[in-house]
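Data block for query-v5.cif (mmCIF, C-alpha atoms and all ligand atoms):
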data_model
#
loop_
_atom_site.label_atom_id
_atom_site.label_comp_id
_atom_site.auth_asym_id
_atom_site.auth_seq_id
_atom_site.Cartn_x
_atom_site.Cartn_y
_atom_site.Cartn_z
CA MET A 42 139.63 101.86 179.81
CA GLU A 43 142.88 103.66 179.13
CA LEU A 44 143.00 105.47 175.80
CA LYS A 45 146.10 103.55 174.78
CA ASP A 46 144.30 100.26 175.29
CA ARG A 47 141.27 101.51 173.37
CA ILE A 48 143.55 102.44 170.45
CA LYS A 49 145.18 99.05 170.56
CA GLU A 50 141.85 97.34 170.68
CA ILE A 51 140.52 99.28 167.69
CA ARG A 52 143.72 98.54 165.74
CA GLU A 53 143.25 94.83 166.34
CA LYS A 54 139.58 94.96 165.44
CA ILE A 55 140.36 96.74 162.18
CA SER A 56 143.11 94.26 161.28
CA GLU A 57 140.80 91.40 162.01
CA GLU A 58 137.69 92.68 160.24
CA ILE A 59 139.49 93.96 157.17
CA GLU A 60 140.67 90.43 156.51
CA LYS A 61 137.10 89.17 156.27
CA ILE A 62 135.98 91.72 153.69
CA THR A 63 135.04 90.08 150.38
CA SER A 64 132.97 92.65 148.52
CA HIS A 65 133.06 96.36 147.89
CA LYS A 66 129.75 96.67 149.67
CA SER A 67 130.97 95.16 152.92
CA PHE A 68 134.18 97.15 152.50
CA LEU A 69 132.21 100.39 152.63
CA GLU A 70 130.25 99.22 155.66
CA ILE A 71 133.33 98.35 157.66
CA LYS A 72 135.21 101.48 156.59
CA THR A 73 132.38 103.70 157.79
CA LYS A 74 132.14 101.76 160.99
CA PHE A 75 135.69 102.80 161.87
CA LEU A 76 136.50 105.89 159.84
CA GLY A 77 133.10 107.42 159.17
CA ARG A 78 131.48 110.26 161.04
CA GLY A 79 130.22 108.79 164.27
CA GLY A 80 132.62 105.91 163.67
CA GLU A 81 134.87 104.42 166.31
CA ILE A 82 137.91 106.61 165.61
CA GLN A 83 135.77 109.74 165.58
CA GLY A 84 134.49 108.55 168.95
CA LEU A 85 138.03 108.60 170.30
CA PHE A 86 138.46 112.22 169.25
CA LYS A 87 135.27 113.07 171.05
CA GLY A 88 136.53 111.31 174.16
CA MET A 89 139.52 113.70 174.27
CA ARG A 90 137.50 115.99 176.50
CA GLU A 91 137.97 113.60 179.37
CA VAL A 92 141.73 113.33 178.86
CA PRO A 93 143.70 115.48 181.31
CA GLN A 94 145.10 118.66 179.76
CA GLU A 95 148.77 117.65 179.86
CA GLU A 96 148.17 114.27 178.19
CA ARG A 97 146.14 115.71 175.34
CA PRO A 98 148.93 116.38 172.78
CA GLU A 99 150.21 112.85 173.15
CA ALA A 100 146.72 111.36 173.03
CA GLY A 101 145.81 113.44 169.99
CA LYS A 102 148.92 112.28 168.16
CA ASN A 103 148.15 108.66 168.93
CA ILE A 104 144.61 108.93 167.65
CA ASN A 105 145.84 110.71 164.53
CA ASP A 106 148.37 107.96 163.94
CA LEU A 107 145.63 105.37 164.29
CA SER A 108 143.44 107.29 161.89
CA SER A 109 146.04 107.65 159.14
CA TRP A 110 147.17 104.07 159.59
CA ALA A 111 143.57 102.90 159.19
CA ALA A 112 142.98 105.17 156.19
CA ALA A 113 146.06 103.79 154.41
CA LEU A 114 145.01 100.25 155.21
CA PHE A 115 141.53 100.76 153.85
CA ASP A 116 142.90 102.40 150.69
CA LYS A 117 145.07 99.40 150.04
CA LYS A 118 142.21 97.04 150.71
CA GLU A 119 139.94 98.96 148.36
CA GLU A 120 142.42 98.67 145.53
CA LYS A 121 142.71 94.96 146.13
CA ILE A 122 138.95 94.44 146.23
CA LYS A 123 138.45 96.41 143.01
CA ALA A 124 141.11 94.36 141.27
CA GLU A 125 139.51 91.15 142.49
CA GLU A 126 136.06 92.18 141.38
CA LEU A 127 137.35 93.17 137.96
CA ALA A 128 139.16 89.87 137.57
CA GLU A 129 135.96 88.08 138.53
CA ARG A 130 133.94 90.01 135.96
CA ILE A 131 136.44 89.33 133.22
CA GLU A 132 136.32 85.66 134.12
CA SER A 133 132.52 85.45 134.12
CA GLU A 134 132.10 87.43 130.90
CA LYS A 135 134.64 85.38 129.02
CA ILE A 136 133.41 84.16 125.65
CA ASP A 137 134.18 80.64 124.69
CA VAL A 138 134.60 80.86 120.95
CA THR A 139 134.56 77.10 120.65
CA MET A 140 130.96 76.83 122.00
CA PRO A 141 128.38 75.91 119.34
CA GLY A 142 126.46 79.04 118.25
CA LYS A 143 122.72 79.71 118.44
CA ARG A 144 121.13 78.87 115.13
CA THR A 145 119.20 81.59 113.35
CA GLU A 146 116.87 80.12 110.79
CA PRO A 147 116.92 82.02 107.50
CA GLY A 148 113.44 83.00 106.31
CA SER A 149 111.84 82.38 102.96
CA TYR A 150 110.33 84.66 100.38
CA HIS A 151 106.56 85.01 100.61
CA PRO A 152 104.84 83.29 97.67
CA ASP A 153 103.40 86.67 96.70
CA THR A 154 106.89 88.16 96.56
CA LEU A 155 108.13 85.17 94.60
CA ILE A 156 105.44 85.59 91.95
CA LYS A 157 105.81 89.37 91.83
CA ARG A 158 109.53 89.06 91.24
CA GLN A 159 109.08 86.34 88.63
CA LEU A 160 106.52 88.48 86.80
CA VAL A 161 108.65 91.62 86.94
CA ASP A 162 111.57 89.55 85.66
CA VAL A 163 109.61 88.17 82.72
CA PHE A 164 108.17 91.53 81.67
CA ALA A 165 111.32 93.54 82.31
CA GLY A 166 112.96 91.03 79.96
CA MET A 167 110.45 92.11 77.31
CA GLY A 168 111.34 95.77 77.84
CA PHE A 169 108.59 96.89 80.23
CA GLU A 170 109.31 99.76 82.62
CA ILE A 171 107.91 99.69 86.17
CA TYR A 172 105.42 102.32 87.29
CA GLU A 173 103.85 102.36 90.75
CA GLY A 174 100.76 104.49 91.30
CA PRO A 175 99.14 105.61 94.57
CA GLU A 176 96.92 103.24 96.59
CA ILE A 177 94.57 106.06 97.57
CA GLU A 178 93.08 107.18 94.29
CA THR A 179 90.52 109.62 93.06
CA ASP A 180 87.24 108.36 91.69
CA TYR A 181 88.32 109.93 88.39
CA TYR A 182 91.46 107.82 87.88
CA ASN A 183 89.99 104.61 89.25
CA PHE A 184 86.72 104.79 87.29
CA THR A 185 85.70 107.84 85.27
CA ALA A 186 88.83 108.17 83.15
CA LEU A 187 88.65 104.41 82.58
CA ASN A 188 85.36 104.96 80.77
CA THR A 189 83.34 104.11 83.87
CA PRO A 190 81.36 107.23 84.82
CA LYS A 191 79.34 107.46 88.05
CA ASP A 192 76.16 105.83 86.68
CA HIS A 193 77.99 103.04 84.82
CA PRO A 194 76.75 99.55 85.71
CA ALA A 195 80.32 98.17 85.52
CA ARG A 196 81.05 99.93 88.82
CA ASP A 197 79.11 97.08 90.42
CA MET A 198 81.82 94.65 89.26
CA GLN A 199 83.98 95.93 92.12
CA ASP A 200 82.85 96.66 95.67
CA THR A 201 84.70 99.83 96.46
CA PHE A 202 86.01 101.23 99.75
CA TYR A 203 85.30 104.95 99.58
CA ILE A 204 87.15 107.42 101.81
CA THR A 205 85.14 110.42 100.63
CA PRO A 206 82.76 110.58 97.62
CA GLU A 207 85.78 111.50 95.48
CA LEU A 208 88.59 109.52 97.19
CA LEU A 209 88.83 105.74 97.40
CA LEU A 210 91.20 102.83 97.88
CA ARG A 211 91.99 101.86 94.31
CA THR A 212 90.14 98.74 93.19
CA GLN A 213 92.45 98.10 90.24
CA THR A 214 95.96 99.00 89.14
CA SER A 215 94.31 100.12 85.88
CA ALA A 216 94.06 103.54 87.55
CA GLY A 217 97.80 103.81 86.89
CA GLN A 218 97.22 103.45 83.12
CA ILE A 219 95.64 106.89 83.07
CA ARG A 220 98.39 108.47 85.16
CA VAL A 221 100.98 107.03 82.79
CA MET A 222 99.19 108.05 79.58
CA GLU A 223 98.56 111.57 80.86
CA ASN A 224 102.27 112.04 81.48
CA LYS A 225 103.95 110.06 78.76
CA LYS A 226 103.32 109.88 75.05
CA PRO A 227 103.72 106.69 72.99
CA PRO A 228 105.65 104.49 72.72
CA ILE A 229 104.52 103.33 76.18
CA LYS A 230 105.43 99.96 77.68
CA ILE A 231 104.66 99.91 81.38
CA LEU A 232 104.26 97.25 84.06
CA SER A 233 102.51 98.41 87.19
CA PRO A 234 102.49 96.18 90.28
CA GLY A 235 100.62 97.17 93.40
CA LYS A 236 98.07 96.55 96.12
CA VAL A 237 94.37 96.99 95.40
CA TYR A 238 91.31 96.88 97.67
CA ARG A 239 87.81 95.50 97.34
CA SER A 240 85.13 94.75 99.89
CA ASP A 241 85.23 91.03 99.26
CA SER A 242 86.40 88.13 101.42
CA ASP A 243 86.25 84.35 101.00
CA ALA A 244 88.60 81.46 100.19
CA THR A 245 89.63 83.02 96.88
CA HIS A 246 89.08 86.73 97.63
CA SER A 247 90.72 89.10 100.09
CA PRO A 248 89.87 92.75 100.81
CA MET A 249 93.48 93.58 99.97
CA PHE A 250 95.35 91.84 97.20
CA SER A 251 97.96 92.57 94.56
CA GLN A 252 97.63 93.13 90.87
CA MET A 253 100.09 93.43 88.04
CA GLU A 254 99.00 95.74 85.26
CA GLY A 255 100.53 95.98 81.83
CA LEU A 256 100.07 98.70 79.23
CA VAL A 257 101.53 98.97 75.74
CA VAL A 258 100.65 101.85 73.42
CA ASP A 259 102.26 102.57 70.08
CA GLU A 260 101.49 102.76 66.37
CA GLY A 261 100.22 99.49 64.93
CA ILE A 262 99.73 97.54 68.18
CA THR A 263 97.17 94.74 67.71
CA LEU A 264 95.56 91.94 69.66
CA CYS A 265 98.14 89.60 68.09
CA ASP A 266 100.89 91.46 69.96
CA LEU A 267 98.96 90.89 73.19
CA LYS A 268 98.55 87.18 72.40
CA GLY A 269 102.25 86.77 71.55
CA MET A 270 103.30 88.50 74.73
CA LEU A 271 100.91 86.42 76.83
CA ASP A 272 102.26 83.20 75.31
CA GLU A 273 105.75 84.21 76.39
CA PHE A 274 104.49 85.12 79.88
CA ALA A 275 102.65 81.79 80.29
CA ARG A 276 105.66 79.74 79.20
CA LYS A 277 108.00 81.56 81.57
CA ILE A 278 105.68 81.40 84.58
CA PHE A 279 103.88 78.06 84.17
CA GLY A 280 106.19 76.02 81.90
CA GLU A 281 107.39 75.66 78.30
CA LYS A 282 104.43 73.61 77.05
CA ILE A 283 101.77 76.06 78.23
CA LYS A 284 99.43 77.65 75.66
CA THR A 285 97.06 80.58 76.03
CA ARG A 286 93.60 81.27 74.65
CA LEU A 287 91.47 84.40 74.57
CA ARG A 288 87.74 84.45 75.36
CA PRO A 289 85.52 87.45 74.76
CA SER A 290 84.78 89.45 77.89
CA TYR A 291 83.89 92.97 78.96
CA PHE A 292 85.79 95.80 80.62
CA PRO A 293 84.71 99.43 80.11
CA PHE A 294 88.25 100.60 79.33
CA THR A 295 89.16 97.97 76.73
CA GLU A 296 87.48 97.16 73.42
CA PRO A 297 87.51 94.37 72.52
CA SER A 298 88.03 92.85 75.96
CA VAL A 299 89.23 89.33 76.63
CA GLU A 300 89.60 86.86 79.44
CA VAL A 301 92.88 84.97 79.14
CA ASP A 302 93.16 81.28 79.93
CA VAL A 303 96.31 79.16 80.11
CA SER A 304 96.27 75.45 79.29
CA CYS A 305 96.14 73.48 82.56
CA PHE A 306 99.69 72.95 83.80
CA SER A 307 98.52 70.14 86.05
CA CYS A 308 96.79 67.81 83.53
CA HIS A 309 97.94 69.45 80.25
CA GLY A 310 94.46 69.53 78.83
CA ALA A 311 93.12 66.14 79.88
CA GLY A 312 90.85 67.67 82.53
CA CYS A 313 91.47 67.60 86.28
CA ARG A 314 90.31 69.16 89.55
CA LEU A 315 92.46 72.25 89.16
CA CYS A 316 90.96 73.17 85.77
CA LYS A 317 87.54 71.79 86.75
CA GLY A 318 87.71 69.33 83.89
CA THR A 319 87.99 72.02 81.19
CA GLY A 320 91.72 71.80 80.48
CA TRP A 321 92.00 75.59 80.82
CA ILE A 322 92.59 77.98 83.72
CA GLU A 323 91.60 81.64 83.72
CA VAL A 324 94.50 83.86 84.71
CA LEU A 325 93.86 87.46 83.69
CA GLY A 326 91.76 90.12 82.02
CA ALA A 327 92.96 92.13 79.06
CA GLY A 328 91.98 93.94 75.89
CA MET A 329 92.72 96.71 73.41
CA VAL A 330 92.72 100.10 75.11
CA ASN A 331 89.35 101.76 74.43
CA ARG A 332 89.53 104.70 71.99
CA ARG A 333 87.70 106.86 74.50
CA VAL A 334 90.37 106.20 77.14
CA LEU A 335 93.19 107.07 74.71
CA SER A 336 91.62 110.32 73.57
CA GLY A 337 90.72 111.22 77.19
CA CYS A 338 94.46 111.11 77.92
CA GLY A 339 95.30 113.23 74.87
CA ILE A 340 96.52 110.33 72.73
CA ASP A 341 95.23 110.25 69.13
CA PRO A 342 93.28 106.97 68.77
CA ASP A 343 93.47 107.16 64.97
CA ARG A 344 97.23 107.06 65.11
CA TYR A 345 97.89 104.94 68.19
CA THR A 346 96.50 101.71 69.52
CA GLY A 347 97.39 99.75 72.61
CA PHE A 348 96.65 96.77 74.77
CA ALA A 349 96.34 96.45 78.52
CA PHE A 350 96.20 93.49 80.85
CA GLY A 351 95.73 93.00 84.57
CA MET A 352 96.27 89.93 86.69
CA GLY A 353 95.83 89.00 90.33
CA VAL A 354 99.20 88.13 91.84
CA GLU A 355 97.70 85.98 94.62
CA ARG A 356 95.66 84.06 92.08
CA ILE A 357 98.79 83.24 90.08
CA ALA A 358 100.60 82.28 93.31
CA MET A 359 97.71 80.02 94.36
CA LEU A 360 97.61 78.33 90.96
CA LYS A 361 101.34 77.88 90.66
CA TYR A 362 101.95 76.64 94.21
CA GLY A 363 98.68 74.73 94.69
CA ILE A 364 97.39 76.96 97.50
CA THR A 365 93.65 76.45 98.05
CA ASN A 366 92.84 79.15 100.60
CA MET A 367 93.87 82.76 100.01
CA LYS A 368 93.95 83.36 103.79
CA ASN A 369 97.16 81.33 103.87
CA LEU A 370 98.80 84.15 101.94
CA PHE A 371 97.92 86.76 104.55
CA ASP A 372 98.05 84.87 107.87
CA GLY A 373 101.83 85.04 108.16
CA ASP A 374 101.97 81.48 109.52
CA VAL A 375 105.63 80.48 109.59
CA LYS A 376 104.78 76.79 109.08
CA PHE A 377 103.05 77.66 105.82
CA LEU A 378 105.77 80.04 104.65
CA ARG A 379 108.57 77.59 105.47
CA GLN A 380 107.46 75.45 102.53
CA PHE A 381 108.76 78.09 100.14
CA LYS A 382 112.25 78.05 101.52
CA GLY A 383 114.76 77.78 98.75
CA THR A 384 112.18 78.46 96.04
CA GLU A 385 113.80 80.41 93.26
CA VAL A 386 112.85 84.03 92.79
N1 LIG B 401 91.38 96.02 85.95
C1 LIG B 401 90.74 94.78 85.56
C2 LIG B 401 90.27 94.10 86.84
O1 LIG B 401 90.74 94.42 87.90
C3 LIG B 401 91.68 93.90 84.80
C4 LIG B 401 92.07 94.46 83.47
C5 LIG B 401 93.21 95.23 83.34
C6 LIG B 401 91.31 94.22 82.33
C7 LIG B 401 93.58 95.75 82.11
C8 LIG B 401 91.67 94.73 81.11
C9 LIG B 401 92.80 95.49 81.01
O2 LIG B 401 89.44 93.22 86.80
#
Take the structure in this file and express it as structure tokens.
Amino acid sequence: MELKDRIKEIREKISEEIEKITSHKSFLEIKTKFLGRGGEIQGLFKGMREVPQEERPEAGKNINDLSSWAAALFDKKEEKIKAEELAERIESEKIDVTMPGKRTEPGSYHPDTLIKRQLVDVFAGMGFEIYEGPEIETDYYNFTALNTPKDHPARDMQDTFYITPELLLRTQTSAGQIRVMENKKPPIKILSPGKVYRSDSDATHSPMFSQMEGLVVDEGITLCDLKGMLDEFARKIFGEKIKTRLRPSYFPFTEPSVEVDVSCFSCHGAGCRLCKGTGWIEVLGAGMVNRRVLSGCGIDPDRYTGFAFGMGVERIAMLKYGITNMKNLFDGDVKFLRQFKGTEV
């Protein structure tokens, strides 16, 4: 075939095929087919060898013309394709602001958090400061300084997770009492919330739970101050009509020690399932700080007296919200937690 006809043929083929291009990918394919190395136009240059000497300048010019014509054509096409693809993307990524949105359901406070905040609120209102001690404690702070030396039978009241013979996961926030009294001299009025650990697990016990500890030390503090403060606490947490009563008990670090009951907020004393027919519900342990504990912390027990109390946060949450299994508080089941939506902190 004559070179001129070949050029004409390629020109037509390009014009025809370029029309059909719809994507950048096929654009590149077609462009290489004609303009790439080993492409059709390159092939023409190679074929120059067979062209007689005198026709070569003319032939070369014609092929060059074809090549630059094709290059310009492809450039134009590329611009067009890019513009089209961009327009398409803009169209497909368009946001319809009138479409209804995806709902995100707001969560609820965990009952534990609710109670903790309510307690902190009540006691902060009475002038307590917050102190948070470490969860990994020494045997000394958790037991010995609380008048519970190594051979003391009261150690059996709590099944302890030991890390080493001297380090443990604190079994009670009472450990913080010592840290506070070692560092601060009376007047002391501290509330200490925190997690504690005991090797114990059933419907009303969990190996990890939360306590709220209170400590007040000053001149002239008596058990009456404790009782008055507890009355206020019970009214704020369980309701205006609630009364408290103290029963004798035992803790190594308080003397005398008491168990504190609140009048049943379900039956108001008549006797029901919640209070097991007694009209009273046990809510916390407390007492007057033992002289030995005060003097161990460098506080003169002849001048100062104090009271301490400690309550289980989960126990209060279970009582207040009628939760019968403590596992519910730790399972993280959304269906359970949803019930507390909108509950006031
Ligand atoms: N730490 C005691 C317990 O965990 C509670 C308590 C605290 C008792 C403070 C008296 C005073 O059982």
Item to check | Polymer residues at most 10 Å from (102.5, 77.6, 97.4) by all atoms listed in the file, as a PyMOL selection string | outcome: chain A and resi 151-153+155+357-365+369-370+377-378+380-381+384
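For the pair atom CA of Lys282 of chain A and atom CA of Leu315 of chain A, the interatomic distance is 17.1 Å.
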When you look at Ile104 of chain A with a cut-off of 12 Å (counting all atoms listed in the file), what residues show up, excluding the ones that are within fewer than 6 positions of it in the same chain? I need them as a PDB file with C-alpha atoms, keeping the file's coordinate frame.
ATOM      1  CA  LEU A  44     143.000 105.470 175.800  1.00  0.00           C
ATOM      2  CA  LYS A  45     146.100 103.550 174.780  1.00  0.00           C
ATOM      3  CA  ASP A  46     144.300 100.260 175.290  1.00  0.00           C
ATOM      4  CA  ARG A  47     141.270 101.510 173.370  1.00  0.00           C
ATOM      5  CA  ILE A  48     143.550 102.440 170.450  1.00  0.00           C
ATOM      6  CA  LYS A  49     145.180  99.050 170.560  1.00  0.00           C
ATOM      7  CA  ILE A  51     140.520  99.280 167.690  1.00  0.00           C
ATOM      8  CA  ARG A  52     143.720  98.540 165.740  1.00  0.00           C
ATOM      9  CA  LEU A  76     136.500 105.890 159.840  1.00  0.00           C
ATOM     10  CA  GLU A  81     134.870 104.420 166.310  1.00  0.00           C
ATOM     11  CA  ILE A  82     137.910 106.610 165.610  1.00  0.00           C
ATOM     12  CA  GLN A  83     135.770 109.740 165.580  1.00  0.00           C
ATOM     13  CA  GLY A  84     134.490 108.550 168.950  1.00  0.00           C
ATOM     14  CA  LEU A  85     138.030 108.600 170.300  1.00  0.00           C
ATOM     15  CA  PHE A  86     138.460 112.220 169.250  1.00  0.00           C
ATOM     16  CA  LYS A  87     135.270 113.070 171.050  1.00  0.00           C
ATOM     17  CA  GLY A  88     136.530 111.310 174.160  1.00  0.00           C
ATOM     18  CA  MET A  89     139.520 113.700 174.270  1.00  0.00           C
ATOM     19  CA  ARG A  97     146.140 115.710 175.340  1.00  0.00           C
ATOM     20  CA  PRO A  98     148.930 116.380 172.780  1.00  0.00           C
ATOM     21  CA  TRP A 110     147.170 104.070 159.590  1.00  0.00           C
ATOM     22  CA  ALA A 111     143.570 102.900 159.190  1.00  0.00           C
TER      23      ALA A 111
END
Next on the checklist: Neighbours of ligand LIG 401 (chain B) at 7 Å or closer, counting all atoms listed in the file: which residues, as a list in words?
Outcome noted: Thr212, Gln213, Thr214, Ser215, Glu254, Gly255, Phe292, Thr295, Ser298, Leu325, Gly326, Ala327, Gly328, Ala349, Phe350, Gly351 and Met352 of chain A
For the selection you just gave me, I'd like the residues written to a file as a compact mmCIF listing (two decimals), in the coordinates of the input, keeping C-alpha atoms.
# COMPACT_ATOMS: atom_id res chain seq x y z
CA THR A 212 90.14 98.74 93.19
CA GLN A 213 92.45 98.10 90.24
CA THR A 214 95.96 99.00 89.14
CA SER A 215 94.31 100.12 85.88
CA GLU A 254 99.00 95.74 85.26
CA GLY A 255 100.53 95.98 81.83
CA PHE A 292 85.79 95.80 80.62
CA THR A 295 89.16 97.97 76.73
CA SER A 298 88.03 92.85 75.96
CA LEU A 325 93.86 87.46 83.69
CA GLY A 326 91.76 90.12 82.02
CA ALA A 327 92.96 92.13 79.06
CA GLY A 328 91.98 93.94 75.89
CA ALA A 349 96.34 96.45 78.52
CA PHE A 350 96.20 93.49 80.85
CA GLY A 351 95.73 93.00 84.57
CA MET A 352 96.27 89.93 86.69
Item to check | Within-7 Å shell of (96.7, 99.5, 73.5) in input frame, only C-alpha atoms, as a PyMOL selection string | outcome: chain A and resi 256-258+262+329-330+346-349
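In this comparison, which uses all atoms listed in the file, the residue of A:Glu125, A:Gln252, A:Phe202, A:Asp302 approaching Pro289 of chain A most closely is A:Asp302.
Take atom CA of Leu210 of chain A and atom CA of Ser247 of chain A: the distance between them is 13.9 Å.
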Next on the checklist: Would you pick out the contacts of Asp243 of chain A at 10 Å or less, using all atoms listed in the file, so that residues sharing its chain but fewer than 6 positions from it are not included, and give the list as a VMD selection string?
Outcome noted: chain A and resid 366 to 368
Checklist entry - Restricting the calculation to only C-alpha atoms, which member of A:Leu271, A:Val334, A:Leu208, A:Ile156 is positioned closest to Asp180 of chain A? => result A:Leu208
Checklist entry - For the atom pair atom CA of Trp321 of chain A and atom CA of Phe169 of chain A, what is the interatomic distance in Å to one decimal place? => result 27.0 Å
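Among the candidates A:Glu60, A:Glu173, A:Asp192, A:Asp137, the one nearest to Ala216 of chain A when counting all atoms listed in the file is A:Glu173.
If only C-alpha atoms are the atoms counted, then among A:Glu120, A:Ile340, A:Glu53, A:Glu126 the closest residue to Val221 of chain A is A:Ile340.
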Item to check | Among the residues A:Pro93, A:Val375, A:Phe274, A:Thr205, the one that comes closest to Glu146 of chain A [using only C-alpha atoms] | outcome: A:Val375
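Minimum distance to Ile55 of chain A across A:Tyr238, A:Asn105, A:Lys72, A:Gly168 (counting all atoms listed in the file) occurs at A:Lys72.
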Will you model all heavy atoms for segment 275-282 of chain A and pass it back as a PDB file, keeping the file's coordinate frame?
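Writing done, so here's result-v3.pdb:
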ATOM      1  N   ALA A 275     103.149  83.075  79.781  1.00  0.00           N
ATOM      2  CA  ALA A 275     102.650  81.790  80.290  1.00  0.00           C
ATOM      3  C   ALA A 275     103.747  80.727  80.303  1.00  0.00           C
ATOM      4  O   ALA A 275     103.863  79.950  81.252  1.00  0.00           O
ATOM      5  CB  ALA A 275     101.471  81.324  79.427  1.00  0.00           C
ATOM      6  N   ARG A 276     104.563  80.734  79.255  1.00  0.00           N
ATOM      7  CA  ARG A 276     105.660  79.740  79.200  1.00  0.00           C
ATOM      8  C   ARG A 276     106.661  79.977  80.322  1.00  0.00           C
ATOM      9  O   ARG A 276     107.116  79.048  80.978  1.00  0.00           O
ATOM     10  CB  ARG A 276     106.369  79.827  77.844  1.00  0.00           C
ATOM     11  CG  ARG A 276     105.649  79.073  76.732  1.00  0.00           C
ATOM     12  CD  ARG A 276     106.576  78.850  75.539  1.00  0.00           C
ATOM     13  NE  ARG A 276     107.027  80.106  74.960  1.00  0.00           N
ATOM     14  CZ  ARG A 276     106.413  80.718  73.943  1.00  0.00           C
ATOM     15  NH1 ARG A 276     105.330  80.184  73.421  1.00  0.00           N
ATOM     16  NH2 ARG A 276     106.878  81.858  73.475  1.00  0.00           N
ATOM     17  N   LYS A 277     106.988  81.233  80.550  1.00  0.00           N
ATOM     18  CA  LYS A 277     108.000  81.560  81.570  1.00  0.00           C
ATOM     19  C   LYS A 277     107.486  81.288  82.986  1.00  0.00           C
ATOM     20  O   LYS A 277     108.234  80.867  83.859  1.00  0.00           O
ATOM     21  CB  LYS A 277     108.401  83.034  81.453  1.00  0.00           C
ATOM     22  CG  LYS A 277     109.241  83.336  80.225  1.00  0.00           C
ATOM     23  CD  LYS A 277     110.721  83.315  80.594  1.00  0.00           C
ATOM     24  CE  LYS A 277     111.657  83.414  79.396  1.00  0.00           C
ATOM     25  NZ  LYS A 277     111.526  84.677  78.654  1.00  0.00           N
ATOM     26  N   ILE A 278     106.207  81.545  83.218  1.00  0.00           N
ATOM     27  CA  ILE A 278     105.680  81.400  84.580  1.00  0.00           C
ATOM     28  C   ILE A 278     105.196  79.982  84.858  1.00  0.00           C
ATOM     29  O   ILE A 278     105.437  79.428  85.925  1.00  0.00           O
ATOM     30  CB  ILE A 278     104.530  82.417  84.840  1.00  0.00           C
ATOM     31  CG1 ILE A 278     105.053  83.861  84.754  1.00  0.00           C
ATOM     32  CG2 ILE A 278     103.853  82.176  86.190  1.00  0.00           C
ATOM     33  CD1 ILE A 278     106.044  84.262  85.832  1.00  0.00           C
ATOM     34  N   PHE A 279     104.508  79.363  83.898  1.00  0.00           N
ATOM     35  CA  PHE A 279     103.880  78.060  84.170  1.00  0.00           C
ATOM     36  C   PHE A 279     104.601  76.875  83.503  1.00  0.00           C
ATOM     37  O   PHE A 279     104.325  75.738  83.815  1.00  0.00           O
ATOM     38  CB  PHE A 279     102.422  78.078  83.743  1.00  0.00           C
ATOM     39  CG  PHE A 279     101.573  79.046  84.546  1.00  0.00           C
ATOM     40  CD1 PHE A 279     101.081  80.206  83.975  1.00  0.00           C
ATOM     41  CD2 PHE A 279     101.284  78.786  85.879  1.00  0.00           C
ATOM     42  CE1 PHE A 279     100.303  81.095  84.710  1.00  0.00           C
ATOM     43  CE2 PHE A 279     100.513  79.670  86.626  1.00  0.00           C
ATOM     44  CZ  PHE A 279     100.031  80.828  86.045  1.00  0.00           C
ATOM     45  N   GLY A 280     105.461  77.138  82.526  1.00  0.00           N
ATOM     46  CA  GLY A 280     106.190  76.020  81.900  1.00  0.00           C
ATOM     47  C   GLY A 280     106.158  76.115  80.372  1.00  0.00           C
ATOM     48  O   GLY A 280     105.224  76.665  79.788  1.00  0.00           O
ATOM     49  N   GLU A 281     107.175  75.541  79.757  1.00  0.00           N
ATOM     50  CA  GLU A 281     107.390  75.660  78.300  1.00  0.00           C
ATOM     51  C   GLU A 281     106.215  75.215  77.436  1.00  0.00           C
ATOM     52  O   GLU A 281     105.964  75.763  76.381  1.00  0.00           O
ATOM     53  CB  GLU A 281     108.657  74.872  77.897  1.00  0.00           C
ATOM     54  CG  GLU A 281     109.945  75.662  78.077  1.00  0.00           C
ATOM     55  CD  GLU A 281     109.914  77.050  77.418  1.00  0.00           C
ATOM     56  OE1 GLU A 281     109.473  77.146  76.252  1.00  0.00           O
ATOM     57  OE2 GLU A 281     110.293  78.035  78.084  1.00  0.00           O
ATOM     58  N   LYS A 282     105.475  74.183  77.920  1.00  0.00           N
ATOM     59  CA  LYS A 282     104.430  73.610  77.050  1.00  0.00           C
ATOM     60  C   LYS A 282     103.104  74.379  77.115  1.00  0.00           C
ATOM     61  O   LYS A 282     102.145  74.043  76.420  1.00  0.00           O
ATOM     62  CB  LYS A 282     104.157  72.159  77.480  1.00  0.00           C
ATOM     63  CG  LYS A 282     105.326  71.227  77.229  1.00  0.00           C
ATOM     64  CD  LYS A 282     104.824  69.795  77.102  1.00  0.00           C
ATOM     65  CE  LYS A 282     105.974  68.812  77.023  1.00  0.00           C
ATOM     66  NZ  LYS A 282     106.312  68.236  78.346  1.00  0.00           N
TER      67      LYS A 282
END
